[in-house]
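Single-structure report; data block below.
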Amino acid sequence: MSEIKYLTHREAAQARLNGEELLWRGFPADYTGINISIHSIDTQSTYYRAPRVFTHPGGTCPAPETEAPLHNATYWVPSMVEAGSACSYAWRDNGYDNLALSRGLVYLTREAAIARAELMLAGVAK
């Protein structure tokens, strides 16, 4: 899975105002530790966003990326025909890359792409 990105106190407060679910040490956050004082607002907090998930009739898996990766970054696409259930590509911002992104098929980890492929094949492959 993707690495946890901890939010600043400012980002955590804004996320809370936006109704986003934040986590603290793997548990739902109680928000008592958000420090919005002038000295701490832009320092790192211990809060992070709950992982996004993709829901399919067969279950759930990590959600695909919604923004383009950095140029030359490796990304993964679920595959129905490859033995490993995922193919890797380098982001070149070309037609294929953008089509995969627009169709919700871009993942930053192989494991997430495989989970999506398995979910897509659930009930189909015998």
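To be explicit about the labels: the chains of the structure tokens are called A, B, and onward in the order shown, and within each one the residues are counted from 1, while ligands get numbers from 1 in the order they are shown.
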
Could you make a table, as CSV, of the residues of region 40-78 of chain A that have an atom within 12 Å of an atom of region 13-36 of chain A, each with its nearest atom pair and distance in Å to one decimal, counting only C-alpha atoms, in chain and number order?
```
residue,atom,partner,partner_atom,distance
A:Ser40,CA,A:Asn35,CA,6.1
A:Ile41,CA,A:Ile36,CA,4.7
A:Asp42,CA,A:Ile36,CA,8.5
A:Thr43,CA,A:Asn35,CA,9.0
A:Gln44,CA,A:Asn35,CA,9.9
A:Ser45,CA,A:Ile34,CA,7.1
A:Thr46,CA,A:Trp24,CA,6.2
A:Tyr47,CA,A:Trp24,CA,5.0
A:Tyr48,CA,A:Leu23,CA,5.4
A:Arg49,CA,A:Leu22,CA,4.5
A:Ala50,CA,A:Leu22,CA,5.4
A:Pro51,CA,A:Leu23,CA,9.1
A:Arg52,CA,A:Glu21,CA,10.0
```

Report task. Could you tell me how far CA of Pro62 (chain A) lies from CA of Asn94 (chain A), in Å and to one decimal? Result ->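 Interatomic distance here is 24.2 Å.
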
Requested in this report: Looking only at alpha helix (DSSP H) from DSSP on the backbone, list the matching residues of region 42-99 of chain A as a ChimeraX atom specification.
Outcome: /A:95-99

Query raised in the report: What lies within 7 Å of Pro78 (chain A) using only C-alpha atoms, ignoring chain neighbours under 6 positions off, as JSON, numbers by chain?
Result: {"A": [85, 86, 87, 105, 113, 114, 116, 117]}

Query raised in the report: If you run DSSP on this backbone, which residues of region 44-123 of chain A come out as strand (DSSP E), and could you give them as a list of chain:residue names?
Result: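 Matching residues for strand (DSSP E) in region 44-123 of chain A are A:Gln44, A:Ser45, A:Thr46, A:Tyr47, A:Tyr48, A:Arg49, A:Val53, A:Phe54, A:Thr55, A:His56, A:Gly59, A:Thr60, A:Cys61, A:Pro62, A:Thr74, A:Tyr75, A:Trp76, A:Val77, A:Pro78, A:Ala86, A:Cys87, A:Ser88, A:Tyr89, A:Ala90.
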